[in-house]
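*Asks:* Before we start, here is the structure in question, set down as structure tokens.
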Amino acid sequence: MTSGFYLAIGSVLTESVATKITTAGNEYKSKKLSSLPENWWTIVSLLRRSDLLGVIVKLTANDFERVCKEPYAAVATALFEELARKPYLIVAHEAVVGDVDLELTTSDDVPSEDWDGYTWNDQAAREFFGTLESNIREHVLDLLAKNELTISTYKRNAEASVLAASFVEDTQSNLLFRIYVPAGRLYEEELTKLLGMFHDWSGSVKHRTVRQGGYKTPSGRVIEFYGEQGMTTESVGTELEEFARFLGLLDQPGAAEAMLQGLGMDRMKAINLVARYGKEARRVLLDTKHERDRRMLAIQQQIESELVDDLDSVASNEIESLVQLLVPASPFASSSMTMQLATGPGTLPSVMIQQQIFQHVEGVVAQNLNGAVTLGVPAEQLIKLVRELGADAGTALENDARELADPGAPTSARIGARQRLKAFLVRNGQRIESATFQMAWKWIEAQVGGSAS
């Protein structure tokens with residue numbers, strides 16, 4: 001078990017979360033942002049310690065205001081920069097992140113700091129959270145985004161506690177990556193097999209102790225990798241790229257063997273490993289090719305059938321080129337680690353296709369790639385918003401929506417997904433049409449019983 005400490009910033013540690021930390025043999029330190037800038041610099045010093053396992057932060061409306069005050073500006077910048085270098089969880093009340101209607105009536109919802117003790121009800125909640133000026137909110141959220149820091153929102157204190165407990169569990173186990181694969185998604189089985197091979201590679205070639213976990217339901221599966229002390233998400237990403245290069249060399253056994261020897265493997269072991277991996281990889285790559293060909297043919301036939309009246313303005317070979325471009329060729333490219341539809345500048349075929357037809361083709365491709373599970377209009381609308389407004393976090397948020405919709409997924413995972421999606425909605429509330437926002441919000445709220453309790 002890794003020895004070290006957790007840093008709690010703000011009143012965020014419940015007794016159950018603190019017990020989880022100490023039971024594992026770790027310690028925790030608590031600091032408050034409702035303090036002078038000198039104390040913030042002390043927090044920065046703690047963030048720089050090498051034995052820091054993780055940071056849990058609760059930001060209040062008053063904390064947002066402090067960040068924008070001149071005495072705190074420099075230290076706030078340093079604090080967020082250091083926070084981005086550590087495993088972290090940032091939680092903030094929904095009303096701090098964005099203007100939303102509050103439905104708070106229980107004592108469990110009372111803010112645990114910066115509260116003067118008068119009766120807590122809906123009106124008090126609006127008064128407490130409603131004083132944050134929009135320019136302050138946007139400044140802090142932009143500062144967080146600049147450092148690629150994300151926020152999970154909560155409505156009830158119990159939700160924040162669930163998020164904190166899950167974060168501690170993941171950091172204690174050193175979770176490296178976690179992906180949700182909907183049932184029927186393109187390359188579902190092939191991706192699972194390749195990740196199994198990567199798990200074997202980590203032990204056989206890199207001599208890493210890596211544990212593969214997760215779960216499977218009728219609606220999808222989660223694949224998780226947990227690493228030994230010292231392994232990070234960045235390092236496993238580098239090793240995945242190295243493993244992908246190795247797979248690309250398997251049709252040249254000599255080059256693949258040389259790569260393994262360059263990584264320190266004995267020559268005979270390298271020869272045997274290349275032979276074993278070569279057989280497995282050829283099977284997976286052949287299955288990948290056949291699955292891609294099958295999906296593309298089905299997609300093209302569906303598009304031609306639906307656009308039969310428009311085929312005079314666009315040739316079949318132009319549609320085929322577009323489908324070829326939009327369907328990933330690799331199981332890794334179709335996973336949540338890297339999946340992006342190739343719709344950026346310079347990626348479209350060198351043909352003129354009406355925007356309406358392009359959007360129709362893109363929608364059919366996405367529908368066919370993402371699995372056979374029907375989520376319903378609100379969830380599909382939410383996924384559409386995530387694709388439009390989610391930027392770099394869009395793929396992860398889409399997987400959150402699919403896991404949230406999976407009734408067989410663990411409750412803690414669904415609560416985490418729900419709160420990240422709510423944070424996305426409140427952050428982008430001004431950019432979303434009101435009726436669409438309300439539909440997506442109500443769907444999210446209705447999942448997991450609507451609360452953490």
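Numbering starts fresh at 1 for the residues of each chain in the structure tokens, the chains themselves are lettered A, B, ... in the order given, and ligands are numbered from 1 as they appear.
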Check which residues of range 191-249 of chain A sit at most 12 Å from range 53-62 of chain A using only C-alpha atoms, and return one row each with the closest pair of atoms and their distance in Å to one decimal, ordered by chain and rising number, as JSON lines.
*Replies:*
```
{"residue": "A:Gln229", "atom": "CA", "partner": "A:Leu53", "partner_atom": "CA", "distance": 10.5}
{"residue": "A:Gly230", "atom": "CA", "partner": "A:Leu53", "partner_atom": "CA", "distance": 10.9}
{"residue": "A:Thr232", "atom": "CA", "partner": "A:Leu53", "partner_atom": "CA", "distance": 11.8}
```
*Asks:* Given the selection you just returned, output its residues as a file containing N, CA and C atoms, formatted as a tab-separated table (two decimals), in the first residue's frame.
*Replies:*
```tsv
chain	number	residue	atom	x	y	z
A	229	GLN	N	3.06	1.58	-7.99
A	229	GLN	CA	3.49	2.90	-7.55
A	229	GLN	C	4.46	3.49	-8.58
A	230	GLY	N	4.25	4.75	-8.91
A	230	GLY	CA	5.11	5.42	-9.87
A	230	GLY	C	4.53	5.50	-11.26
A	232	THR	N	1.87	6.52	-14.00
A	232	THR	CA	0.92	7.62	-14.14
A	232	THR	C	0.12	7.44	-15.43
```
*Asks:* When DSSP works through the backbone of this structure, what residues of range 98-322 of chain A end up as strand (DSSP E), shown as a list in words?
*Replies:* Ser152, Thr153, Tyr154, Leu175, Leu176, Phe177, Arg178, Ile179, Tyr180, Val181, Pro182, Arg211, Gln212, Gly213, Gly214, Tyr215, Lys216, Thr217, Gly220, Arg221, Val222, Ile223, Glu224, Phe225 and Tyr226 of chain A
*Asks:* Those residues you just picked out, can you put them in a file as a PDB file, in the first residue's frame with C-alpha atoms?
*Replies:*
```pdb
ATOM      1  CA  SER A 152     -17.714  18.116 -10.564  1.00  0.00           C
ATOM      2  CA  THR A 153     -20.834  19.775  -9.217  1.00  0.00           C
ATOM      3  CA  TYR A 154     -23.018  18.675  -6.328  1.00  0.00           C
ATOM      4  CA  LEU A 175      -6.275   3.957 -11.444  1.00  0.00           C
ATOM      5  CA  LEU A 176      -4.475   4.651 -14.730  1.00  0.00           C
ATOM      6  CA  PHE A 177      -7.386   4.786 -17.126  1.00  0.00           C
ATOM      7  CA  ARG A 178     -11.013   3.802 -17.319  1.00  0.00           C
ATOM      8  CA  ILE A 179     -13.152   3.537 -20.438  1.00  0.00           C
ATOM      9  CA  TYR A 180     -16.830   2.741 -20.934  1.00  0.00           C
ATOM     10  CA  VAL A 181     -17.603   0.770 -24.101  1.00  0.00           C
ATOM     11  CA  PRO A 182     -21.298   0.585 -25.056  1.00  0.00           C
ATOM     12  CA  ARG A 211      -4.148  -5.048 -12.699  1.00  0.00           C
ATOM     13  CA  GLN A 212      -7.009  -5.084 -15.157  1.00  0.00           C
ATOM     14  CA  GLY A 213     -10.522  -4.662 -13.769  1.00  0.00           C
ATOM     15  CA  GLY A 214     -13.973  -3.422 -14.681  1.00  0.00           C
ATOM     16  CA  TYR A 215     -17.445  -4.834 -15.185  1.00  0.00           C
ATOM     17  CA  LYS A 216     -19.854  -5.864 -17.940  1.00  0.00           C
ATOM     18  CA  THR A 217     -23.615  -5.316 -18.219  1.00  0.00           C
ATOM     19  CA  GLY A 220     -21.907  -2.048 -22.007  1.00  0.00           C
ATOM     20  CA  ARG A 221     -18.640  -2.736 -20.248  1.00  0.00           C
ATOM     21  CA  VAL A 222     -15.980  -0.778 -18.368  1.00  0.00           C
ATOM     22  CA  ILE A 223     -12.295  -1.577 -18.716  1.00  0.00           C
ATOM     23  CA  GLU A 224      -9.989  -0.310 -15.971  1.00  0.00           C
ATOM     24  CA  PHE A 225      -6.221  -0.497 -15.553  1.00  0.00           C
ATOM     25  CA  TYR A 226      -4.565  -0.054 -12.155  1.00  0.00           C
TER      26      TYR A 226
END
```
*Asks:* So which residues touch range 27-33 of chain A within 8 Å, counting only C-alpha atoms, skipping near sequence neighbours fewer than 6 positions away, as a PDB file with C-alpha atoms, in the first residue's frame?
*Replies:*
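part_37.pdb, written as the output of this step:
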```pdb
ATOM      1  CA  GLY A   4       1.620   9.285   1.695  1.00  0.00           C
ATOM      2  CA  PHE A   5      -1.001  11.879   2.452  1.00  0.00           C
ATOM      3  CA  TYR A   6      -4.137  13.446   0.989  1.00  0.00           C
ATOM      4  CA  LEU A   7      -4.749  17.170   1.016  1.00  0.00           C
ATOM      5  CA  ALA A   8      -8.296  18.397   1.673  1.00  0.00           C
ATOM      6  CA  ILE A   9      -8.865  22.031   0.708  1.00  0.00           C
ATOM      7  CA  GLY A  10     -12.109  23.390   2.127  1.00  0.00           C
ATOM      8  CA  SER A  11     -14.612  21.530   4.297  1.00  0.00           C
ATOM      9  CA  ALA A  18     -11.354  10.343   6.327  1.00  0.00           C
ATOM     10  CA  ILE A  21      -7.897   7.296   3.994  1.00  0.00           C
ATOM     11  CA  ASN A  39      -1.999  30.348   3.981  1.00  0.00           C
ATOM     12  CA  TRP A  40      -2.654  29.831   0.259  1.00  0.00           C
ATOM     13  CA  ILE A  43      -1.181  25.096   0.348  1.00  0.00           C
ATOM     14  CA  ASP A  63     -13.575  31.200  -2.741  1.00  0.00           C
TER      15      ASP A  63
END
```
*Asks:* Can you work out which one of A:Phe198, A:Met259, A:Ser3, A:Val364 has the shortest atom-to-atom distance to Gln300 in chain A, counting only C-alpha atoms?
*Replies:* A:Val364
*Asks:* Would you mind listing what lies within 12 Å of Lys442 in chain A as a PyMOL selection string, with only C-alpha atoms counted and same-chain residues fewer than 3 positions away left out?
*Replies:* chain A and resi 101+378-379+382+418+421-422+425+435-439+445-447+449-450
*Asks:* Write a file of the selected residues as a PDB file, in the first residue's frame, keeping C-alpha atoms.
*Replies:*
```
ATOM      1  CA  ASP A 101     -32.920  26.628 -10.068  1.00  0.00           C
ATOM      2  CA  PRO A 378     -33.128  13.311 -23.791  1.00  0.00           C
ATOM      3  CA  ALA A 379     -29.914  11.284 -23.522  1.00  0.00           C
ATOM      4  CA  LEU A 382     -27.377  15.526 -24.212  1.00  0.00           C
ATOM      5  CA  ARG A 418     -24.114  12.471 -13.369  1.00  0.00           C
ATOM      6  CA  LEU A 421     -22.545  16.053 -16.794  1.00  0.00           C
ATOM      7  CA  LYS A 422     -24.388  18.529 -14.579  1.00  0.00           C
ATOM      8  CA  LEU A 425     -24.580  21.789 -18.427  1.00  0.00           C
ATOM      9  CA  ALA A 435     -36.020  23.881 -23.527  1.00  0.00           C
ATOM     10  CA  THR A 436     -33.068  21.683 -24.513  1.00  0.00           C
ATOM     11  CA  PHE A 437     -31.270  22.509 -21.264  1.00  0.00           C
ATOM     12  CA  GLN A 438     -34.339  21.652 -19.176  1.00  0.00           C
ATOM     13  CA  MET A 439     -34.888  18.350 -20.993  1.00  0.00           C
ATOM     14  CA  GLU A 445     -31.625  14.421 -12.373  1.00  0.00           C
ATOM     15  CA  ALA A 446     -33.906  11.404 -12.841  1.00  0.00           C
ATOM     16  CA  GLN A 447     -30.986   8.962 -13.002  1.00  0.00           C
ATOM     17  CA  GLY A 449     -32.870   7.996  -8.001  1.00  0.00           C
ATOM     18  CA  GLY A 450     -32.123  11.688  -8.392  1.00  0.00           C
TER      19      GLY A 450
END
```
*Asks:* What is the CA of Ser173 in chain A-CA of Met231 in chain A distance in Å, reported with one decimal?
*Replies:*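 Separation between CA of Ser173 in chain A and CA of Met231 in chain A: 11.1 Å.
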*Asks:* From the list A:Gly196, A:Pro328, A:Lys289, A:Ile432, which residue is nearest Tyr277 in chain A when using only C-alpha atoms?
*Replies:*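 Residue with the minimum atom-to-atom distance to Tyr277 in chain A: A:Gly196.
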*Asks:* Ala84 in chain A: which residues within 7 Å, counting only C-alpha atoms, same-chain residues fewer than 4 positions away excluded, as a list of chain:residue names?
*Replies:*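 The residues that qualify are A:Phe80, A:Asn147, A:Leu149.
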*Asks:* Could you write those residues out with C-alpha atoms, as an mmCIF file, in the first residue's frame?
*Replies:*
```
data_model
loop_
_atom_site.group_PDB
_atom_site.id
_atom_site.type_symbol
_atom_site.label_atom_id
_atom_site.label_comp_id
_atom_site.auth_asym_id
_atom_site.auth_seq_id
_atom_site.Cartn_x
_atom_site.Cartn_y
_atom_site.Cartn_z
ATOM 1 C CA PHE A 80 -4.110 25.965 -9.861
ATOM 2 C CA ASN A 147 -4.908 24.685 -16.453
ATOM 3 C CA LEU A 149 -8.803 21.483 -14.442
#
```
*Asks:* From the DSSP assignment of the backbone, select every residue of range 130-324 of chain A that is helix (DSSP H, G or I), and format the answer as a PyMOL selection string.
*Replies:* chain A and resi 134-146+157-172+188-204+233-248+253-262+267-306+308-310+316-324
*Asks:* Which residues are near Leu163 in chain A? Cut-off 8 Å, only C-alpha atoms, ignore same chain within fewer than 6 positions. Put them as a list in words.
*Replies:*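 Those residues are Ser412, Ile415 and Gly416 of chain A.
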*Asks:* Would you put the residues from that selection into a file with C-alpha atoms, as a compact mmCIF listing (two decimals), in the first residue's frame?
*Replies:*
```txt
# COMPACT_ATOMS: atom_id res chain seq x y z
CA SER A 412 -20.91 5.39 -7.37
CA ILE A 415 -23.24 9.42 -9.54
CA GLY A 416 -19.79 10.57 -10.66
```
*Asks:* Please report the interatomic distance between CA of Ala158 in chain A and CA of Val17 in chain A in Å with one decimal.
*Replies:* 11.3 Å
*Asks:* Please compute the CA of Leu250 in chain A-CA of Ala281 in chain A distance, one decimal, in Å.
*Replies:* 8.0 Å
